[in-house]
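What follows is a single structure, written as C-alpha cells, with notes after it.
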Amino acid sequence: MPDHKVKVLIVDDSASVRQTLSEILAGDPRIEVIGTAADPYAAARRISREIPDVITLDVCMPRMDGITFLRKIMAQRPIPVVMCSAFTDEGSSEMIEALAAGAVDVIAKPRIDTRQQLVEARIRICDIVVAAASAHLRRVTPPPPGSRPRQPPEQKLTADVIMPPPVPGRVAIASTDRIVCIGASTGGTESLTYVLQALPPDAPGIVIVQHMPEHFTMAFAERLDSLCAVNVKEAEDGDHVKRGRVLIAQGNHHLLLHRSGQNYRVGIKDGPLVSRHRPSVDVLFRSAAQYAGPNALGILMTGMGDDGAKGLLEMRQAGAATIAQDQATCVVFGMPKEAIALGAAERILPLDSLAIEIVRSGQTIS
C-alpha cells in the first residue's frame with residue numbers, strides 16, 4: 001500500500017499567498033495540496049467533495065473571516081486547522097484567539113526576502129502542517145505511526161552551534177533558587193495555558209520555549225498574563241528568573257539561562273535553526289543543564305519532532321529532575337516520545353499533573 005501523504009487545502013483570499021504556499025507544501029514529499037480556495041464558502045464546497053487532512057486558513061477574508069469559519073469547522077466536523085497570518089500586532093492577537101478556538105498551530109505568511117528566509121519558512125511550514133495531520137482532535141483519528149514518508153535529509157544542527165556541550169562530571173553549584181524550564185510545540189499553547197492557570201502566584205520561576213513565529217509570542221505572553229496568577233511576559237535579554245514570573249522565549253530568537261551570583265537571568269541569542277527550530281528547546285535545556293543542574297526541573301510537552309529530547313537528557317545527567325508529558329494528553333506525541341526513548345525523562349505524567357509537580361519542585365529547596 002502506498003504511503004499516505006498529508007492532504008492539504010489552502011484557504012486564503014490572496015492569489016500570491018495561495019501560489020506561494022502551494023509551491024512550498026507541494027515541494028515536500030510528505031504533503032499533497034488537494035486544492036485552494038479564496039474564501040470559506042469556496043472552501044466548504046471543496047471540503048464537501050474531498051475532506052483534507054489539514055486546512056491552512058487565513059484570518060482576514062471576504063464574506064466570512066477565518067476565525068468564524070474555524071469555529072464552524074470545529075463545531076461541525078473537526079479538521080486540523082493551521083492559521084496563517086502576516087507579521088502584525090493585530091494579526092498576532094487574532095492568532096491567539098484562533099488557537100483558543102481550536103486551531104492546532106499558526107504559521108506566518110512566508111517572507112522570501114532572502115534565500116535563508118525562504119529555506120527556514122519551508123522547514124517550519126511543512127513541519128507544522130505534517131504535525132497538524134496527526135493532532136488528536138475529537139472525532140478525528142490520527143494516521144497510524146510510520147504511515148508517512150520521512151522528510152528528505154536536510155542539515156539539522158544541534159545546540160553545539162549556540163553553546164558547547166556540557167563537560168562530563170561537572171555539576172552546577174547548588175543554589176537556593178529552584179527554576180523550571182519547559183519546552184513545547186504543536187498543541188502547546190493551550191496546554192501551557194492549562195498548566196500556568198493552575199499555578200499559585202508564588203510558583204517557582206519558569207522559562208518556556210514554545211515554538212511560535214516572532215511577534216506572536218508577545219501576544220501569547222500577554223494573553224497568559226491576563227489569565228494567570230503568575231506574571232507572564234515575553235523574555236527580554238537580562239530578565240531575572242524569579243518566583244511568580246514566567247518568561248516566554250521570543251519567536252525567532254534562542255533563549256538561554258545564565259547564572260548571576262545566586263540568581264538566574266536569561267539571554268537572547270541569534271543563530272541558525274537548532275533541531276529545525278529557533279527558539280530551540282535543546283538550547284534552553286542545555287543552558288539549564290550547564291548553569292542550573294540539580295536546581296532545575298525540565299518538562300518536555302506536546303510537539304512534533306525531537307527538539308528538546310537531547311537537552312532533557314543533558315539536564316537529567318546534570319542532576320535535574322525531568323518530566324515528559326504522556327501520550328494520552330499530548331496533542332502530538334513527538335518530542336516527549338523521543339525524550340522517553342533516550343531515557344531523558346525520570347517520569348512520564350499527564351497534563352493535569354504538571355502544575356502540581358512545578359509547585360512541588362519549588363518546595364524541595366528552602
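Naming works like this for the C-alpha cells: A, B, ... for the chains as they're shown, residue 1 at the start of each chain, ligands 1 onward in shown order.
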request  = Select from stretch 261-317 of chain A everything DSSP, run on the backbone, classes as strand (DSSP E), then give the selection as a list in words.
outcome  = Asn263, Tyr264, Arg265, Val266, Gly267, Ile268, Lys269, Ala296, Leu297, Gly298, Ile299 and Leu300 of chain A
Now that the selection is made, can you save its residues with all heavy atoms as a PDB file, in the first residue's frame?
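Below you can see part_29.pdb, which holds the result:
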```pdb
ATOM      1  N   ASN A 263      21.535  33.892  41.614  1.00  0.00           N
ATOM      2  CA  ASN A 263      20.284  34.037  40.864  1.00  0.00           C
ATOM      3  C   ASN A 263      20.480  33.643  39.408  1.00  0.00           C
ATOM      4  O   ASN A 263      21.587  33.326  38.965  1.00  0.00           O
ATOM      5  CB  ASN A 263      19.791  35.485  40.961  1.00  0.00           C
ATOM      6  CG  ASN A 263      19.597  35.936  42.389  1.00  0.00           C
ATOM      7  OD1 ASN A 263      18.899  35.285  43.159  1.00  0.00           O
ATOM      8  ND2 ASN A 263      20.220  37.055  42.756  1.00  0.00           N
ATOM      9  N   TYR A 264      19.390  33.690  38.667  1.00  0.00           N
ATOM     10  CA  TYR A 264      19.412  33.326  37.254  1.00  0.00           C
ATOM     11  C   TYR A 264      18.829  34.448  36.401  1.00  0.00           C
ATOM     12  O   TYR A 264      17.885  35.131  36.803  1.00  0.00           O
ATOM     13  CB  TYR A 264      18.618  32.042  37.008  1.00  0.00           C
ATOM     14  CG  TYR A 264      19.190  30.836  37.713  1.00  0.00           C
ATOM     15  CD1 TYR A 264      18.644  30.399  38.917  1.00  0.00           C
ATOM     16  CD2 TYR A 264      20.285  30.162  37.194  1.00  0.00           C
ATOM     17  CE1 TYR A 264      19.169  29.305  39.581  1.00  0.00           C
ATOM     18  CE2 TYR A 264      20.821  29.065  37.848  1.00  0.00           C
ATOM     19  CZ  TYR A 264      20.262  28.644  39.037  1.00  0.00           C
ATOM     20  OH  TYR A 264      20.793  27.565  39.694  1.00  0.00           O
ATOM     21  N   ARG A 265      19.431  34.622  35.242  1.00  0.00           N
ATOM     22  CA  ARG A 265      18.924  35.552  34.229  1.00  0.00           C
ATOM     23  C   ARG A 265      18.791  34.793  32.909  1.00  0.00           C
ATOM     24  O   ARG A 265      19.323  33.678  32.769  1.00  0.00           O
ATOM     25  CB  ARG A 265      19.869  36.735  34.033  1.00  0.00           C
ATOM     26  CG  ARG A 265      20.012  37.668  35.219  1.00  0.00           C
ATOM     27  CD  ARG A 265      21.037  38.750  34.911  1.00  0.00           C
ATOM     28  NE  ARG A 265      21.262  39.664  36.019  1.00  0.00           N
ATOM     29  CZ  ARG A 265      20.645  40.830  36.159  1.00  0.00           C
ATOM     30  NH1 ARG A 265      19.767  41.222  35.227  1.00  0.00           N
ATOM     31  NH2 ARG A 265      20.894  41.613  37.184  1.00  0.00           N
ATOM     32  N   VAL A 266      18.117  35.403  31.959  1.00  0.00           N
ATOM     33  CA  VAL A 266      18.043  34.813  30.627  1.00  0.00           C
ATOM     34  C   VAL A 266      18.792  35.687  29.632  1.00  0.00           C
ATOM     35  O   VAL A 266      18.947  36.895  29.837  1.00  0.00           O
ATOM     36  CB  VAL A 266      16.581  34.621  30.155  1.00  0.00           C
ATOM     37  CG1 VAL A 266      15.862  33.608  31.032  1.00  0.00           C
ATOM     38  CG2 VAL A 266      15.823  35.940  30.102  1.00  0.00           C
ATOM     39  N   GLY A 267      19.250  35.057  28.581  1.00  0.00           N
ATOM     40  CA  GLY A 267      19.898  35.760  27.492  1.00  0.00           C
ATOM     41  C   GLY A 267      19.213  35.455  26.174  1.00  0.00           C
ATOM     42  O   GLY A 267      18.711  34.345  25.971  1.00  0.00           O
ATOM     43  N   ILE A 268      19.176  36.435  25.298  1.00  0.00           N
ATOM     44  CA  ILE A 268      18.596  36.278  23.958  1.00  0.00           C
ATOM     45  C   ILE A 268      19.745  36.176  22.965  1.00  0.00           C
ATOM     46  O   ILE A 268      20.681  36.984  23.010  1.00  0.00           O
ATOM     47  CB  ILE A 268      17.701  37.476  23.588  1.00  0.00           C
ATOM     48  CG1 ILE A 268      16.681  37.765  24.694  1.00  0.00           C
ATOM     49  CG2 ILE A 268      17.008  37.232  22.253  1.00  0.00           C
ATOM     50  CD1 ILE A 268      15.702  36.658  24.947  1.00  0.00           C
ATOM     51  N   LYS A 269      19.678  35.204  22.082  1.00  0.00           N
ATOM     52  CA  LYS A 269      20.791  34.994  21.149  1.00  0.00           C
ATOM     53  C   LYS A 269      20.275  34.628  19.764  1.00  0.00           C
ATOM     54  O   LYS A 269      19.366  33.806  19.640  1.00  0.00           O
ATOM     55  CB  LYS A 269      21.716  33.887  21.668  1.00  0.00           C
ATOM     56  CG  LYS A 269      23.022  33.742  20.902  1.00  0.00           C
ATOM     57  CD  LYS A 269      24.006  32.863  21.637  1.00  0.00           C
ATOM     58  CE  LYS A 269      25.349  32.806  20.932  1.00  0.00           C
ATOM     59  NZ  LYS A 269      26.333  31.992  21.667  1.00  0.00           N
ATOM     60  N   ALA A 296      17.198  22.610  38.812  1.00  0.00           N
ATOM     61  CA  ALA A 296      16.202  22.781  37.757  1.00  0.00           C
ATOM     62  C   ALA A 296      15.249  21.587  37.655  1.00  0.00           C
ATOM     63  O   ALA A 296      15.578  20.459  38.019  1.00  0.00           O
ATOM     64  CB  ALA A 296      16.891  22.989  36.413  1.00  0.00           C
ATOM     65  N   LEU A 297      14.065  21.881  37.152  1.00  0.00           N
ATOM     66  CA  LEU A 297      13.106  20.878  36.704  1.00  0.00           C
ATOM     67  C   LEU A 297      12.880  21.116  35.226  1.00  0.00           C
ATOM     68  O   LEU A 297      12.552  22.232  34.811  1.00  0.00           O
ATOM     69  CB  LEU A 297      11.781  21.016  37.463  1.00  0.00           C
ATOM     70  CG  LEU A 297      10.572  20.255  36.895  1.00  0.00           C
ATOM     71  CD1 LEU A 297      10.798  18.751  36.945  1.00  0.00           C
ATOM     72  CD2 LEU A 297       9.296  20.637  37.646  1.00  0.00           C
ATOM     73  N   GLY A 298      13.071  20.094  34.409  1.00  0.00           N
ATOM     74  CA  GLY A 298      12.830  20.189  32.976  1.00  0.00           C
ATOM     75  C   GLY A 298      11.574  19.432  32.594  1.00  0.00           C
ATOM     76  O   GLY A 298      11.386  18.289  33.027  1.00  0.00           O
ATOM     77  N   ILE A 299      10.717  20.061  31.801  1.00  0.00           N
ATOM     78  CA  ILE A 299       9.466  19.432  31.360  1.00  0.00           C
ATOM     79  C   ILE A 299       9.365  19.561  29.843  1.00  0.00           C
ATOM     80  O   ILE A 299       9.455  20.672  29.303  1.00  0.00           O
ATOM     81  CB  ILE A 299       8.239  20.097  32.015  1.00  0.00           C
ATOM     82  CG1 ILE A 299       8.328  20.029  33.541  1.00  0.00           C
ATOM     83  CG2 ILE A 299       6.954  19.439  31.531  1.00  0.00           C
ATOM     84  CD1 ILE A 299       7.196  20.759  34.256  1.00  0.00           C
ATOM     85  N   LEU A 300       9.179  18.440  29.165  1.00  0.00           N
ATOM     86  CA  LEU A 300       9.001  18.446  27.711  1.00  0.00           C
ATOM     87  C   LEU A 300       7.566  18.048  27.401  1.00  0.00           C
ATOM     88  O   LEU A 300       7.109  16.968  27.775  1.00  0.00           O
ATOM     89  CB  LEU A 300       9.986  17.484  27.046  1.00  0.00           C
ATOM     90  CG  LEU A 300      10.143  17.630  25.528  1.00  0.00           C
ATOM     91  CD1 LEU A 300      10.544  19.055  25.139  1.00  0.00           C
ATOM     92  CD2 LEU A 300      11.166  16.636  24.991  1.00  0.00           C
TER      93      LEU A 300
END
```
Just want the 9 Å neighbourhood of A:Cys228, counted on only C-alpha atoms, with same-chain residues fewer than 2 positions away dropped. Output as a PDB file with C-alpha atoms, in the first residue's frame.
```pdb
ATOM      1  CA  THR A 193      -2.396  27.842  29.342  1.00  0.00           C
ATOM      2  CA  LEU A 196       0.020  28.014  34.065  1.00  0.00           C
ATOM      3  CA  GLN A 197      -3.538  28.895  35.070  1.00  0.00           C
ATOM      4  CA  ALA A 198      -3.284  26.272  37.820  1.00  0.00           C
ATOM      5  CA  LEU A 199      -0.166  27.827  39.409  1.00  0.00           C
ATOM      6  CA  PRO A 200      -0.201  29.998  42.544  1.00  0.00           C
ATOM      7  CA  PRO A 201       1.313  33.500  42.420  1.00  0.00           C
ATOM      8  CA  ARG A 223      -2.886  36.612  26.971  1.00  0.00           C
ATOM      9  CA  LEU A 224      -1.374  34.268  29.559  1.00  0.00           C
ATOM     10  CA  ASP A 225      -0.619  37.176  31.868  1.00  0.00           C
ATOM     11  CA  SER A 226      -4.286  38.202  31.774  1.00  0.00           C
ATOM     12  CA  VAL A 230       1.728  34.325  37.945  1.00  0.00           C
ATOM     13  CA  ASN A 231       3.246  37.185  35.960  1.00  0.00           C
ATOM     14  CA  VAL A 232       3.903  36.175  32.343  1.00  0.00           C
TER      15      VAL A 232
END
```
Please list as a CSV table (one decimal) with N, CA and C atoms, in the first residue's frame every residue within 12 Å of A:Lys72, counting only C-alpha atoms and excluding residues in the same chain fewer than 5 positions away.
```csv
chain,number,residue,atom,x,y,z
A,40,PRO,N,-14.1,31.1,2.7
A,40,PRO,CA,-14.6,30.0,3.4
A,40,PRO,C,-15.8,29.3,2.6
A,41,TYR,N,-16.5,30.0,1.8
A,41,TYR,CA,-17.6,29.4,1.1
A,41,TYR,C,-17.1,28.5,0.0
A,44,ALA,N,-15.7,25.4,1.8
A,44,ALA,CA,-16.8,24.5,2.2
A,44,ALA,C,-17.2,23.6,1.0
A,64,MET,N,-16.6,35.9,4.9
A,64,MET,CA,-16.6,35.3,6.3
A,64,MET,C,-15.1,35.3,6.7
A,65,ASP,N,-14.9,35.7,8.0
A,65,ASP,CA,-13.5,35.8,8.4
A,65,ASP,C,-13.1,34.4,8.8
A,66,GLY,N,-11.7,34.2,8.9
A,66,GLY,CA,-11.2,32.9,9.2
A,66,GLY,C,-11.5,32.3,10.5
A,67,ILE,N,-11.6,33.1,11.6
A,67,ILE,CA,-11.9,32.6,12.9
A,67,ILE,C,-13.3,32.1,13.0
A,77,ARG,N,-17.5,19.5,12.1
A,77,ARG,CA,-16.6,18.3,11.8
A,77,ARG,C,-15.2,18.7,12.0
A,78,PRO,N,-14.6,18.5,13.1
A,78,PRO,CA,-13.3,19.0,13.4
A,78,PRO,C,-12.3,18.4,12.4
A,79,ILE,N,-11.5,19.3,11.8
A,79,ILE,CA,-10.4,19.0,10.9
A,79,ILE,C,-9.2,19.9,11.4
A,81,VAL,N,-6.6,22.5,11.7
A,81,VAL,CA,-6.5,23.8,11.0
A,81,VAL,C,-5.2,24.5,11.5
A,101,ALA,N,-9.7,29.0,19.9
A,101,ALA,CA,-10.9,28.5,19.2
A,101,ALA,C,-10.7,27.1,18.6
A,102,GLY,N,-9.5,26.6,18.7
A,102,GLY,CA,-9.3,25.2,18.2
A,102,GLY,C,-8.2,25.0,17.2
A,103,ALA,N,-7.6,26.1,16.7
A,103,ALA,CA,-6.5,25.9,15.7
A,103,ALA,C,-5.4,25.1,16.3
```
Closest-contact table, stretch 229-336 of chain A side, partner stretch 182-192 of chain A, 7 Å, counting only C-alpha atoms, as JSON lines:
```
{"residue": "A:Val281", "atom": "CA", "partner": "A:Gly183", "partner_atom": "CA", "distance": 5.3}
{"residue": "A:Gly298", "atom": "CA", "partner": "A:Ile182", "partner_atom": "CA", "distance": 5.9}
{"residue": "A:Ile299", "atom": "CA", "partner": "A:Ile182", "partner_atom": "CA", "distance": 4.8}
{"residue": "A:Leu300", "atom": "CA", "partner": "A:Gly183", "partner_atom": "CA", "distance": 5.0}
{"residue": "A:Met301", "atom": "CA", "partner": "A:Ala184", "partner_atom": "CA", "distance": 4.9}
{"residue": "A:Thr302", "atom": "CA", "partner": "A:Ala184", "partner_atom": "CA", "distance": 5.6}
{"residue": "A:Gly303", "atom": "CA", "partner": "A:Ser185", "partner_atom": "CA", "distance": 4.2}
{"residue": "A:Met304", "atom": "CA", "partner": "A:Thr186", "partner_atom": "CA", "distance": 6.4}
{"residue": "A:Gly308", "atom": "CA", "partner": "A:Gly183", "partner_atom": "CA", "distance": 6.7}
{"residue": "A:Val331", "atom": "CA", "partner": "A:Gly187", "partner_atom": "CA", "distance": 5.2}
{"residue": "A:Val332", "atom": "CA", "partner": "A:Thr186", "partner_atom": "CA", "distance": 6.5}
```
inquiry  = Quick one: residues within 9 Å of A:Leu354, only C-alpha atoms, excluding same-chain residues fewer than 3 positions away - as a PyMOL selection string?
reply    = chain A and resi 195+299+323+325+349-351+357-359
Go ahead and save the residues from that selection, with all heavy atoms, as a tab-separated table (two decimals), in the first residue's frame.
```tsv
chain	number	residue	atom	x	y	z
A	195	VAL	N	-1.76	24.59	32.23
A	195	VAL	CA	-0.81	24.40	33.33
A	195	VAL	C	-0.59	25.69	34.11
A	195	VAL	O	-0.66	25.73	35.34
A	195	VAL	CB	0.53	23.86	32.80
A	195	VAL	CG1	1.58	23.83	33.90
A	195	VAL	CG2	0.34	22.45	32.22
A	299	ILE	N	10.72	20.06	31.80
A	299	ILE	CA	9.47	19.43	31.36
A	299	ILE	C	9.36	19.56	29.84
A	299	ILE	O	9.45	20.67	29.30
A	299	ILE	CB	8.24	20.10	32.01
A	299	ILE	CG1	8.33	20.03	33.54
A	299	ILE	CG2	6.95	19.44	31.53
A	299	ILE	CD1	7.20	20.76	34.26
A	323	ILE	N	10.72	15.54	33.36
A	323	ILE	CA	9.38	15.00	33.13
A	323	ILE	C	9.04	15.11	31.65
A	323	ILE	O	9.34	16.13	31.00
A	323	ILE	CB	8.32	15.77	33.94
A	323	ILE	CG1	8.56	15.61	35.45
A	323	ILE	CG2	6.91	15.33	33.58
A	323	ILE	CD1	7.67	16.50	36.31
A	325	GLN	N	5.58	14.76	29.10
A	325	GLN	CA	4.12	14.63	29.09
A	325	GLN	C	3.72	13.30	28.47
A	325	GLN	O	4.35	12.83	27.51
A	325	GLN	CB	3.51	15.79	28.30
A	325	GLN	CG	1.99	15.84	28.34
A	325	GLN	CD	1.42	17.01	27.55
A	325	GLN	OE1	2.15	17.91	27.14
A	325	GLN	NE2	0.12	17.00	27.32
A	349	LEU	N	4.17	11.95	32.87
A	349	LEU	CA	2.99	12.38	33.59
A	349	LEU	C	1.95	13.01	32.67
A	349	LEU	O	2.31	13.61	31.64
A	349	LEU	CB	3.36	13.39	34.68
A	349	LEU	CG	4.31	12.91	35.78
A	349	LEU	CD1	4.68	14.07	36.70
A	349	LEU	CD2	3.66	11.77	36.57
A	350	PRO	N	0.67	12.94	33.04
A	350	PRO	CA	-0.38	13.59	32.25
A	350	PRO	C	-0.37	15.10	32.46
A	350	PRO	O	0.22	15.61	33.44
A	350	PRO	CB	-1.67	12.97	32.80
A	350	PRO	CG	-1.33	12.57	34.19
A	350	PRO	CD	0.11	12.16	34.17
A	351	LEU	N	-1.04	15.80	31.59
A	351	LEU	CA	-1.06	17.25	31.63
A	351	LEU	C	-1.54	17.79	32.97
A	351	LEU	O	-0.98	18.76	33.50
A	351	LEU	CB	-1.97	17.77	30.50
A	351	LEU	CG	-2.09	19.29	30.34
A	351	LEU	CD1	-0.75	19.88	29.91
A	351	LEU	CD2	-3.17	19.63	29.32
A	357	GLU	N	3.48	19.24	40.04
A	357	GLU	CA	4.91	18.95	40.12
A	357	GLU	C	5.74	20.23	40.12
A	357	GLU	O	6.79	20.30	40.76
A	357	GLU	CB	5.33	18.04	38.96
A	357	GLU	CG	4.73	16.65	39.04
A	357	GLU	CD	5.09	15.95	40.34
A	357	GLU	OE1	6.26	16.07	40.77
A	357	GLU	OE2	4.21	15.29	40.92
A	358	ILE	N	5.28	21.24	39.38
A	358	ILE	CA	6.01	22.52	39.37
A	358	ILE	C	5.99	23.14	40.76
A	358	ILE	O	7.02	23.60	41.26
A	358	ILE	CB	5.38	23.47	38.32
A	358	ILE	CG1	5.69	22.97	36.91
A	358	ILE	CG2	5.91	24.89	38.51
A	358	ILE	CD1	4.95	23.71	35.82
A	359	VAL	N	4.83	23.17	41.40
A	359	VAL	CA	4.72	23.72	42.74
A	359	VAL	C	5.56	22.90	43.72
A	359	VAL	O	6.30	23.45	44.55
A	359	VAL	CB	3.25	23.77	43.20
A	359	VAL	CG1	3.16	24.17	44.67
A	359	VAL	CG2	2.45	24.73	42.32
```
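Between A:Gly251 and the candidates A:Ala42, A:Leu70, A:Ala341, A:Met218, the tightest atom-to-atom separation, counting only C-alpha atoms, involves A:Met218.
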message = Could you check the closest approach to A:Leu25 for each of A:His4, A:Arg71, A:Arg124, A:Arg49 and tell me which residue wins, using only C-alpha atoms?
response =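 Looking at the shortest contact to A:Leu25, the residue is A:Arg124.
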key: Nearest to A:Glu120 by atom-to-atom distance, counting only C-alpha atoms, from A:Val104, A:Ile356, A:Leu273, A:Met83   =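 Looking at the shortest contact to A:Glu120, the residue is A:Leu273.
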message = When you count only C-alpha atoms, which of these residues is closest to A:Val17: A:Asp39, A:Asp58, A:Asp177, A:Glu50?
response =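 The shortest atom-to-atom distance to A:Val17 comes from A:Asp58.
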ask   = In Å, how far is it from atom CA of A:Ser260 to atom CA of A:Lys310?
value =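 Interatomic distance here is 25.1 Å.
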inquiry  = Just checking: using only C-alpha atoms, which residue out of A:Glu214, A:Lys7, A:Leu247, A:Met74 ends up closest to A:Ala133?
reply    = A:Lys7
query = From the set A:Ala309, A:Cys126, A:Val119, A:Ile206, which residue has the shortest atom-to-atom contact distance to A:Pro272, counting only C-alpha atoms?
reply =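 Among the listed residues, the smallest separation from A:Pro272 belongs to A:Val119.
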ask   = If you measure from atom CA of A:His258 to atom CA of A:Asp326, what distance in Å do you get, rounded to one decimal?
value = 29.4 Å
query = So which bits of stretch 79-326 of chain A end up helix (DSSP H, G or I) when you DSSP the backbone, as a ChimeraX atom specification?
reply = /A:89-100,115-133,159-161,188-197,216-227,281-291,293-295,309-317
Gap from atom CA of A:Ala288 to atom CA of A:Leu257 - Å, one decimal = 5.8 Å
inquiry  = Which residues are close to A:Thr56, i.e. within 9 Å by only C-alpha atoms, leaving aside same-chain residues fewer than 5 positions away? Reply as JSON, numbers by chain.
reply    = {"A": [8, 9, 10, 11, 12, 80, 81, 82, 83, 84, 106, 107, 129]}
